[in-house]
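Asker: For reference, the file data_33.tsv (TSV, C-alpha atoms and all ligand atoms) is included below:
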```tsv
chain	number	residue	atom	x	y	z
A	837	MET	CA	31.13	49.84	136.24
A	838	ASP	CA	29.26	49.17	133.04
A	839	GLY	CA	27.14	51.42	130.99
A	840	LEU	CA	29.19	54.59	131.39
A	841	ASP	CA	29.61	54.83	127.62
A	842	THR	CA	25.85	54.61	127.18
A	843	LEU	CA	25.37	57.34	129.82
A	844	LYS	CA	28.00	59.48	128.16
A	845	ALA	CA	26.38	59.15	124.74
A	846	LYS	CA	22.95	59.86	126.21
A	847	TYR	CA	23.96	63.07	127.94
A	848	LEU	CA	26.24	64.42	125.24
A	849	THR	CA	23.39	63.95	122.74
A	850	ALA	CA	20.98	65.69	125.12
A	851	VAL	CA	23.44	68.59	125.58
A	852	ALA	CA	23.88	68.95	121.84
A	853	GLY	CA	20.12	68.89	121.31
A	854	ALA	CA	19.22	71.52	123.97
A	855	SER	CA	17.74	74.46	122.09
A	856	ASP	CA	17.90	77.08	124.84
A	857	GLU	CA	19.35	77.73	128.27
A	858	SER	CA	16.42	76.32	130.22
A	859	ALA	CA	16.47	73.03	128.23
A	860	LEU	CA	20.20	72.85	128.90
A	861	GLU	CA	19.62	73.39	132.62
A	862	GLU	CA	17.22	70.44	132.63
A	863	VAL	CA	19.92	68.23	131.12
A	864	ARG	CA	22.41	69.41	133.78
A	865	LEU	CA	19.98	68.61	136.60
A	866	ALA	CA	19.20	65.15	135.14
A	867	ALA	CA	22.91	64.28	135.01
A	868	LEU	CA	24.78	66.26	137.63
A	869	GLY	CA	22.06	67.69	139.86
A	870	LYS	CA	21.67	66.48	143.46
A	871	LYS	CA	19.25	63.80	142.34
A	872	GLY	CA	20.89	63.36	138.92
A	873	GLU	CA	21.91	60.04	137.44
A	874	ILE	CA	25.69	60.59	137.70
A	875	SER	CA	25.38	61.93	141.25
A	876	ALA	CA	23.46	58.78	142.20
A	877	LEU	CA	26.26	56.64	140.80
A	878	MET	CA	28.81	58.68	142.77
A	879	ALA	CA	26.81	58.02	145.94
A	880	SER	CA	26.84	54.27	145.27
A	881	LEU	CA	30.65	54.21	145.26
A	882	GLY	CA	30.68	54.01	149.04
A	883	LYS	CA	29.19	50.52	149.00
A	884	MET	CA	31.88	49.12	146.68
A	885	GLU	CA	35.01	47.18	147.43
A	886	PRO	CA	37.99	49.53	147.76
A	887	GLU	CA	39.82	48.41	144.54
A	888	VAL	CA	36.67	48.43	142.44
A	889	ARG	CA	35.74	51.79	143.91
A	890	LYS	CA	39.05	53.35	142.84
A	891	ALA	CA	38.70	52.50	139.18
A	892	ALA	CA	34.96	53.21	139.08
A	893	GLY	CA	35.45	56.52	140.87
A	894	ALA	CA	38.11	57.62	138.40
A	895	ASN	CA	35.89	56.69	135.44
A	896	LEU	CA	32.88	58.42	136.95
A	897	ASN	CA	34.86	61.59	137.61
A	898	LEU	CA	36.08	61.53	134.04
A	899	LEU	CA	32.51	61.17	132.77
A	900	LYS	CA	31.31	63.92	135.07
A	901	ASP	CA	34.04	66.28	133.84
A	902	GLU	CA	33.27	65.53	130.22
A	903	ILE	CA	29.56	66.20	130.62
A	904	ASP	CA	30.32	69.33	132.62
A	905	ALA	CA	32.65	70.62	129.91
A	906	ALA	CA	30.04	69.90	127.21
A	907	LEU	CA	27.41	71.77	129.25
A	908	ARG	CA	29.64	74.83	129.64
A	909	ALA	CA	30.59	74.90	125.98
A	910	LYS	CA	26.95	74.59	124.95
A	911	LYS	CA	25.91	77.29	127.40
A	912	ALA	CA	28.43	79.73	125.97
A	913	GLY	CA	27.26	78.85	122.46
A	914	LEU	CA	23.63	79.50	123.36
A	915	ALA	CA	24.48	82.87	124.95
A	916	ASP	CA	26.38	83.91	121.83
A	917	ALA	CA	23.47	82.86	119.65
A	918	ALA	CA	21.04	84.81	121.84
A	919	LEU	CA	23.24	87.91	121.61
A	920	ASP	CA	23.52	87.53	117.83
A	921	GLU	CA	19.77	87.27	117.62
A	922	ARG	CA	19.31	90.41	119.73
A	923	LEU	CA	21.82	92.31	117.66
A	924	ARG	CA	19.97	91.26	114.54
A	925	SER	CA	16.48	92.15	115.81
A	926	GLU	CA	17.38	95.34	117.70
A	927	TRP	CA	19.40	96.79	114.88
A	928	LEU	CA	19.31	100.54	114.80
A	929	ASP	CA	20.38	102.80	111.97
A	930	VAL	CA	22.23	105.53	113.83
A	931	THR	CA	22.67	107.47	110.60
A	932	LEU	CA	18.91	108.19	110.39
A	933	PRO	CA	18.01	111.87	111.03
A	934	GLY	CA	16.59	112.65	114.51
A	935	ARG	CA	12.86	113.13	115.11
A	936	PRO	CA	11.82	116.73	114.34
A	937	ARG	CA	10.95	118.87	117.37
A	938	PRO	CA	7.28	119.92	117.55
A	939	GLN	CA	6.79	123.04	115.43
A	940	GLY	CA	3.50	124.26	116.90
A	941	SER	CA	2.99	127.20	119.21
A	942	ILE	CA	0.06	128.77	121.02
A	943	HIS	CA	-1.63	131.63	119.16
A	944	PRO	CA	-1.56	134.96	121.05
A	945	VAL	CA	-5.39	134.99	121.14
A	946	SER	CA	-5.46	131.56	122.84
A	947	GLN	CA	-2.72	132.70	125.20
A	948	VAL	CA	-4.65	135.84	126.14
A	949	MET	CA	-7.86	133.82	126.65
A	950	GLU	CA	-5.98	131.57	129.06
A	951	GLU	CA	-4.51	134.60	130.83
A	952	LEU	CA	-7.81	136.38	131.30
A	953	THR	CA	-9.54	133.17	132.37
A	954	ALA	CA	-6.86	132.77	135.06
A	955	ILE	CA	-7.27	136.37	136.26
A	956	PHE	CA	-11.08	136.43	136.33
A	957	GLY	CA	-11.14	132.88	137.70
A	958	ASP	CA	-9.10	134.15	140.63
A	959	MET	CA	-11.82	136.79	141.21
A	960	GLY	CA	-14.54	134.14	141.27
A	961	PHE	CA	-15.79	134.33	137.67
A	962	ALA	CA	-16.69	131.04	135.97
A	963	VAL	CA	-16.48	130.57	132.19
A	964	ALA	CA	-19.78	130.48	130.26
A	965	GLU	CA	-20.31	129.68	126.60
A	966	GLY	CA	-22.88	130.14	123.88
A	967	PRO	CA	-23.24	129.28	120.18
A	968	GLN	CA	-21.65	131.38	117.44
A	969	ILE	CA	-24.77	130.97	115.27
A	970	GLU	CA	-27.37	132.73	117.41
A	971	SER	CA	-31.07	133.42	117.09
A	972	ASP	CA	-31.82	137.11	116.64
A	973	TRP	CA	-33.74	136.98	119.91
A	974	TYR	CA	-30.59	136.20	121.93
A	975	ASN	CA	-28.33	138.47	119.90
A	976	PHE	CA	-30.74	141.45	119.86
A	977	ASP	CA	-34.26	141.32	121.35
A	978	ALA	CA	-33.34	139.89	124.74
A	979	LEU	CA	-30.61	142.53	124.97
A	980	ASN	CA	-33.20	145.29	124.57
A	981	ILE	CA	-32.50	145.82	120.88
A	982	PRO	CA	-35.96	145.57	119.22
A	983	PRO	CA	-36.21	144.98	115.43
A	984	GLU	CA	-36.43	148.68	114.45
A	985	HIS	CA	-33.60	149.72	116.77
A	986	PRO	CA	-30.77	151.57	114.98
A	987	ALA	CA	-28.19	149.49	116.89
A	988	ARG	CA	-29.13	146.56	114.66
A	989	GLN	CA	-27.70	148.42	111.66
A	990	GLU	CA	-24.58	149.46	113.56
A	991	HIS	CA	-23.71	145.84	114.16
A	992	ASP	CA	-23.00	145.01	110.48
A	993	THR	CA	-24.61	141.65	111.00
A	994	PHE	CA	-24.02	138.48	108.97
A	995	PHE	CA	-27.37	136.73	108.47
A	996	MET	CA	-27.80	133.00	107.93
A	997	ALA	CA	-29.89	131.91	104.95
A	998	ARG	CA	-33.46	130.70	105.45
A	999	ALA	CA	-35.63	128.77	103.01
A	1000	ALA	CA	-37.64	131.16	100.81
A	1001	ASP	CA	-40.96	130.06	102.35
A	1002	ASP	CA	-39.69	130.34	105.95
A	1003	ALA	CA	-41.03	133.55	107.46
A	1004	ARG	CA	-39.12	133.34	110.76
A	1005	PRO	CA	-36.35	135.91	111.28
A	1006	PRO	CA	-32.99	134.53	110.19
A	1007	HIS	CA	-30.33	133.37	112.64
A	1008	VAL	CA	-27.21	135.53	112.78
A	1009	LEU	CA	-23.52	135.05	113.39
A	1010	ARG	CA	-23.40	136.59	116.86
A	1011	THR	CA	-22.17	140.18	116.67
A	1012	HIS	CA	-21.01	140.23	120.29
A	1013	THR	CA	-20.66	137.90	123.29
A	1014	SER	CA	-23.52	139.66	125.11
A	1015	PRO	CA	-26.10	136.94	124.19
A	1016	VAL	CA	-24.14	134.67	126.56
A	1017	GLN	CA	-25.32	136.96	129.39
A	1018	ILE	CA	-28.88	135.89	128.61
A	1019	ARG	CA	-28.02	132.20	128.26
A	1020	ALA	CA	-25.99	132.11	131.48
A	1021	MET	CA	-28.63	133.94	133.56
A	1022	THR	CA	-31.44	131.81	132.11
A	1023	ALA	CA	-29.55	128.63	132.94
A	1024	GLN	CA	-28.19	129.67	136.31
A	1025	GLY	CA	-30.29	132.52	137.67
A	1026	ALA	CA	-28.85	135.00	140.17
A	1027	PRO	CA	-26.46	135.59	141.85
A	1028	ILE	CA	-24.02	134.91	139.04
A	1029	ARG	CA	-20.45	135.80	138.08
A	1030	VAL	CA	-19.28	134.67	134.64
A	1031	ILE	CA	-17.00	135.60	131.79
A	1032	ALA	CA	-17.66	134.43	128.24
A	1033	PRO	CA	-14.71	134.54	125.85
A	1034	GLY	CA	-15.33	133.66	122.22
A	1035	ARG	CA	-15.61	134.51	118.55
A	1036	VAL	CA	-17.88	137.23	117.21
A	1037	TYR	CA	-18.60	138.40	113.65
A	1038	ARG	CA	-19.19	141.73	111.93
A	1039	MET	CA	-18.96	142.77	108.30
A	1040	ASP	CA	-15.88	144.92	108.67
A	1041	MET	CA	-12.30	144.69	107.45
A	1042	ASP	CA	-9.29	146.99	107.78
A	1043	GLN	CA	-6.07	147.22	109.76
A	1044	THR	CA	-7.94	147.28	113.07
A	1045	HIS	CA	-11.08	145.30	112.10
A	1046	ALA	CA	-11.58	141.72	110.93
A	1047	PRO	CA	-14.92	140.08	110.05
A	1048	MET	CA	-14.28	137.57	112.82
A	1049	PHE	CA	-12.73	138.69	116.07
A	1050	HIS	CA	-12.80	137.82	119.76
A	1051	GLN	CA	-14.54	139.33	122.74
A	1052	VAL	CA	-14.80	138.47	126.37
A	1053	GLU	CA	-18.06	139.25	128.10
A	1054	GLY	CA	-18.15	139.81	131.84
A	1055	LEU	CA	-21.28	139.61	134.00
A	1056	ALA	CA	-21.71	139.98	137.76
A	1057	ILE	CA	-25.21	140.01	139.24
A	1058	ASP	CA	-25.99	140.12	142.95
A	1059	ARG	CA	-28.12	142.11	145.39
A	1060	ASP	CA	-26.05	145.29	145.55
A	1061	ILE	CA	-23.41	145.37	142.84
A	1062	SER	CA	-22.57	148.88	141.62
A	1063	MET	CA	-20.42	150.78	139.10
A	1064	ALA	CA	-17.78	150.97	141.85
A	1065	ASN	CA	-17.45	147.18	141.78
A	1066	LEU	CA	-17.18	147.36	137.98
A	1067	LYS	CA	-14.38	149.92	138.17
A	1068	TRP	CA	-12.42	147.94	140.76
A	1069	THR	CA	-12.83	144.70	138.83
A	1070	LEU	CA	-11.60	146.25	135.58
A	1071	GLU	CA	-8.64	148.01	137.22
A	1072	GLU	CA	-7.65	144.85	139.00
A	1073	PHE	CA	-7.91	142.91	135.76
A	1074	CYS	CA	-5.84	145.42	133.76
A	1075	ARG	CA	-3.09	145.55	136.38
A	1076	ALA	CA	-2.82	141.77	136.42
A	1077	PHE	CA	-3.17	141.36	132.67
A	1078	PHE	CA	-0.68	144.02	131.58
A	1079	GLU	CA	1.64	143.00	134.43
A	1080	VAL	CA	2.25	146.60	135.53
A	1081	PRO	CA	2.16	147.97	139.10
A	1082	SER	CA	-0.62	150.47	138.36
A	1083	VAL	CA	-3.05	151.36	135.59
A	1084	GLU	CA	-5.40	154.27	135.09
A	1085	LEU	CA	-8.81	153.78	133.51
A	1086	ARG	CA	-11.07	156.51	132.15
A	1087	PHE	CA	-14.82	155.94	132.09
A	1088	ARG	CA	-16.59	157.86	129.32
A	1089	ALA	CA	-20.39	158.07	129.36
A	1090	SER	CA	-21.73	156.08	126.44
A	1091	HIS	CA	-24.81	154.23	125.29
A	1092	PHE	CA	-25.65	150.57	124.88
A	1093	PRO	CA	-29.27	149.38	124.78
A	1094	PHE	CA	-28.46	146.58	127.26
A	1095	THR	CA	-26.83	148.70	129.98
A	1096	GLU	CA	-27.95	151.78	131.91
A	1097	PRO	CA	-25.88	153.73	132.71
A	1098	SER	CA	-23.24	152.77	130.13
A	1099	ALA	CA	-19.56	153.61	129.89
A	1100	GLU	CA	-16.77	153.06	127.45
A	1101	VAL	CA	-13.47	152.51	129.18
A	1102	ASP	CA	-10.06	153.78	128.04
A	1103	ILE	CA	-6.67	152.89	129.49
A	1104	ARG	CA	-3.84	155.41	129.96
A	1105	CYS	CA	-0.82	154.69	127.78
A	1106	SER	CA	2.08	156.24	125.93
A	1107	TRP	CA	3.38	155.71	122.41
A	1108	GLU	CA	6.78	157.28	123.03
A	1109	GLY	CA	9.43	156.17	120.53
A	1110	GLY	CA	6.83	154.06	118.74
A	1111	GLN	CA	6.66	151.79	121.76
A	1112	LEU	CA	3.42	151.31	123.60
A	1113	LYS	CA	3.55	151.56	127.38
A	1114	ILE	CA	0.51	150.85	129.52
A	1115	GLY	CA	-0.17	152.81	132.73
A	1116	GLN	CA	1.72	156.01	131.90
A	1117	GLY	CA	1.76	158.78	129.26
A	1118	ASP	CA	-0.75	161.17	127.68
A	1119	SER	CA	-2.70	158.87	125.37
A	1120	TRP	CA	-5.86	156.89	125.97
A	1121	LEU	CA	-6.88	153.67	124.27
A	1122	GLU	CA	-10.42	152.35	124.27
A	1123	ILE	CA	-10.53	148.74	125.40
A	1124	LEU	CA	-14.11	147.93	126.33
A	1125	GLY	CA	-17.78	148.82	126.69
A	1126	SER	CA	-19.60	148.34	129.96
A	1127	GLY	CA	-22.42	149.40	132.25
A	1128	MET	CA	-25.10	148.34	134.71
A	1129	VAL	CA	-27.25	145.58	133.21
A	1130	HIS	CA	-30.57	147.02	131.99
A	1131	PRO	CA	-33.62	145.83	134.00
A	1132	LYS	CA	-35.25	144.66	130.74
A	1133	VAL	CA	-32.24	142.40	130.08
A	1134	LEU	CA	-32.49	140.85	133.55
A	1135	ALA	CA	-36.23	140.31	133.02
A	1136	ALA	CA	-35.67	138.74	129.58
A	1137	ALA	CA	-33.39	136.19	131.25
A	1138	GLY	CA	-35.88	135.44	134.04
A	1139	VAL	CA	-34.03	137.40	136.75
A	1140	ASP	CA	-36.17	139.73	138.88
A	1141	PRO	CA	-34.82	143.31	138.45
A	1142	ALA	CA	-36.50	144.33	141.72
A	1143	LYS	CA	-34.17	142.01	143.63
A	1144	TRP	CA	-31.02	141.79	141.53
A	1145	GLN	CA	-28.63	144.14	139.79
A	1146	GLY	CA	-25.12	144.09	138.45
A	1147	PHE	CA	-22.62	145.06	135.79
A	1148	ALA	CA	-21.60	143.72	132.40
A	1149	PHE	CA	-18.72	144.50	130.10
A	1150	GLY	CA	-17.50	143.43	126.67
A	1151	MET	CA	-13.81	143.65	125.87
A	1152	GLY	CA	-11.95	143.07	122.60
A	1153	ILE	CA	-9.52	140.18	123.15
A	1154	ASP	CA	-7.56	140.78	119.95
A	1155	ARG	CA	-7.22	144.43	120.89
A	1156	ILE	CA	-5.73	143.74	124.35
A	1157	ALA	CA	-3.51	140.99	122.88
A	1158	MET	CA	-2.11	143.53	120.38
A	1159	LEU	CA	-1.55	146.02	123.19
A	1160	LYS	CA	0.17	143.60	125.54
A	1161	TYR	CA	2.38	141.85	123.00
A	1162	GLY	CA	3.08	144.81	120.68
A	1163	ILE	CA	1.40	143.30	117.61
A	1164	PRO	CA	0.77	146.09	115.08
A	1165	ASP	CA	-1.70	144.57	112.57
A	1166	LEU	CA	-4.88	142.73	113.56
A	1167	ARG	CA	-5.19	140.98	110.20
A	1168	ALA	CA	-2.00	138.99	110.85
A	1169	PHE	CA	-3.88	137.19	113.66
A	1170	PHE	CA	-5.94	135.30	111.10
A	1171	GLU	CA	-3.46	134.68	108.28
A	1172	SER	CA	-1.97	131.45	109.68
A	1173	ASP	CA	1.52	132.63	108.72
A	1174	LEU	CA	3.93	130.19	110.42
A	1175	ARG	CA	6.74	132.74	110.64
A	1176	TRP	CA	4.39	135.13	112.44
A	1177	LEU	CA	3.21	132.37	114.77
A	1178	ARG	CA	6.78	131.37	115.61
A	1179	HIS	CA	7.56	134.99	116.43
A	1180	TYR	CA	4.45	135.87	118.46
A	1181	GLY	CA	3.36	132.38	119.58
A	1182	PHE	CA	3.81	130.84	123.01
A	1183	ALA	CA	5.27	127.50	124.13
A	1184	ALA	CA	2.55	124.88	124.25
A	1185	LEU	CA	3.29	123.61	127.75
A	1186	ASP	CA	3.50	127.00	129.49
A	1187	MET	CA	0.03	127.39	130.95
A	1188	PRO	CA	-0.49	130.93	132.24
A	1189	ASP	CA	-1.28	131.10	135.95
A	1190	LEU	CA	-1.11	133.90	138.48
A	1191	PRO	CA	1.57	132.56	140.85
A	1192	GLY	CA	3.76	131.38	137.96
A	1193	GLY	CA	3.58	134.69	136.07
A	1194	LEU	CA	1.16	135.08	133.19
A	1195	SER	CA	3.37	135.44	130.15
A	1196	SER	CA	6.80	134.32	131.33
B	1201	LIG	N1	-21.65	144.10	123.47
B	1201	LIG	C1	-20.97	145.37	123.40
B	1201	LIG	C2	-20.19	145.45	122.10
B	1201	LIG	O1	-20.06	144.50	121.41
B	1201	LIG	C3	-20.02	145.56	124.55
B	1201	LIG	C4	-20.71	145.60	125.86
B	1201	LIG	C5	-20.91	144.44	126.61
B	1201	LIG	C6	-21.14	146.83	126.40
B	1201	LIG	C7	-21.54	144.50	127.83
B	1201	LIG	C8	-21.75	146.89	127.62
B	1201	LIG	C9	-21.94	145.72	128.34
B	1201	LIG	O2	-19.68	146.49	121.75
```
Can you give me the file's structure in the form of C-alpha cells?
Ligand code: PHE
Answerer:
Amino acid sequence: MDGLDTLKAKYLTAVAGASDESALEEVRLAALGKKGEISALMASLGKMEPEVRKAAGANLNLLKDEIDAALRAKKAGLADAALDERLRSEWLDVTLPGRPRPQGSIHPVSQVMEELTAIFGDMGFAVAEGPQIESDWYNFDALNIPPEHPARQEHDTFFMARAADDARPPHVLRTHTSPVQIRAMTAQGAPIRVIAPGRVYRMDMDQTHAPMFHQVEGLAIDRDISMANLKWTLEEFCRAFFEVPSVELRFRASHFPFTEPSAEVDIRCSWEGGQLKIGQGDSWLEILGSGMVHPKVLAAAGVDPAKWQGFAFGMGIDRIAMLKYGIPDLRAFFESDLRWLRHYGFAALDMPDLPGGLSS
C-alpha cells in the first residue's frame, strides 16, 4: 500500500499544528473517525488478496497507532497548557488582608421610627409626610395659632430669610409635625388615620433639648372618635413600644391651640438604682401632647367639623428612644460619634416587626 508515509506526515503535521482541543478533535475525526481516511483504508483491506492484506494491515495498524499516540500526547500537552494559563490568569494573592466588615449601624432614632411605624401600622395608621421648611400658614395659622398668638413666641421659631422688598411672612423651619395634620387632611379628607414622623426645629439647646429633634404626629378622624380611643391607642402603643406587659398613663389637662380639650400625657416609671423602668414605680415622665382636634383645624383643612371629629397627638421620638434604650444625653444623638453609634446602634438588616420582636 503506497502513500502511507504521505498520510503519516500529513496527520502528524496536523496534530502538531492543532492549537486547541477542538482543532485536535477535528484532526482525530479526519484520520481515525468512522468516516476518517485511515478507517476507510482499513475497510478496503477486505477486498485485497490475503498476502497483500497481511502486510498492508500491519502497516496500517502501525500508522494508526502512531497517529493515535501523537493525538494523545498532544491532547495532554494542550490540557497542561490550558491549566497553566488558568493558573496564570486566576492567580490570587492569599496574603492580602480580608475585606473589612461593614462598619455602619442604624441610629437609635431611625430604629425607633421603624418600631413606631410598625406598631401604628398594625393599628391601621398610614405614614404621612410634609416639608421641613413650612409656610407659616401650615405651621401656625391653620393650626389655630393666629399671628398675635403667644404660642408663636413659645415655639422659638427659626425663620427663613426673605428678600428685603418681599412683604410676605417668612417661611419657617417647622416647629412641630402638626402641620402634616393639615396637609394629610387636605389631601385625603376624612376619615383618616395617619402618623407623621420627622424632624422639627426650635431654638433651644441643653442636655434635654437640641435645635433639631424628632416628633411623631398622630391623627385619627372619623364620625365618632373620642378621648377614650386616644387613651386606648396610646396605652396600646406604649405597651408594644416599651415591650412591657402593662403601662400606666396619666392624662394632665393642658392647652394647645389646635386641640380642645387638650392633655399632656405622662408614663409611670421608676428610676431605682439609676435605672429607668417603665410601667412601675413612683415617677412620671412626660412623653407627649394630645387632644381632640379643634373644629377650626378641621375646617382649615377642608374637613366638615359638623360631621367629623377625632384626636391628634405629638410625641418626642428622641425622648422615647432615650427612655427605651437608656441613653442619658440627647446631644449625643446628633454628634455622629462612631463609638457611640457602635454602642447604641442597631444591625442594619434587623428590621423591627411585631411578630419578630421589635428590638431583638
Ligand atoms: N404639636 C405639639 C407640640 O409640638 C404636640 C401636639 C400635637 C399636641 C398634636 C396636641 C396634638 O408640642
Asker: Taking 6 positions as the minimum chain separation for residues in the same chain, which residues sit within 8 Å of range 897-901 of chain A when counting all atoms listed in the file? Answer as a list of chain:residue names.
Answerer: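 Listing them by chain and then by number gives A:Leu840, A:Lys844, A:Leu868, A:Ile874.
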Asker: Hey, which residues come within 7 Å of ligand LIG 1201 (chain B) if we count only C-alpha atoms and all ligand atoms? Could you give them as JSON, numbers by chain?
Answerer: {"A": [1011, 1012, 1013, 1014, 1053, 1092, 1094, 1095, 1098, 1124, 1125, 1126, 1127, 1148, 1149, 1150, 1151]}
Asker: Counting all atoms listed in the file, which residue out of A:Arg1059, A:Leu865, A:Ser855, A:Pro886 sits closest to Ala917 in chain A?
Answerer: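 Among A:Arg1059, A:Leu865, A:Ser855, A:Pro886, it is A:Ser855 that comes nearest to Ala917 in chain A.
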Asker: I'd like the neighbourhood of Ser971 in chain A as JSON, numbers by chain, where a residue qualifies if any of its atoms comes within 8 Å (using only C-alpha atoms), though same-chain residues fewer than 6 positions away should be ignored.
Answerer: {"A": [1006, 1007, 1008]}
Asker: Of the candidates A:Met1158, A:Ile955, A:Ala997, A:Leu1174, which shows the shortest atom-to-atom distance to Thr1069 in chain A, using all atoms listed in the file?
Answerer: A:Ile955
Asker: Could you tell me how far CA of Pro1015 in chain A sits from CA of Asn980 in chain A, in Å to one decimal place?
Answerer: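 Computing the Euclidean distance for CA of Asn980 in chain A and CA of Pro1015 in chain A yields 11.0 Å.
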Asker: Point out the residue among A:Ile1061, A:Ala1157, A:Ile1123, A:Ala879 with the least atom-to-atom distance to Lys1143 in chain A, counting all atoms listed in the file.
Answerer: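 Answer, going by the shortest atom-to-atom distance: A:Ile1061.
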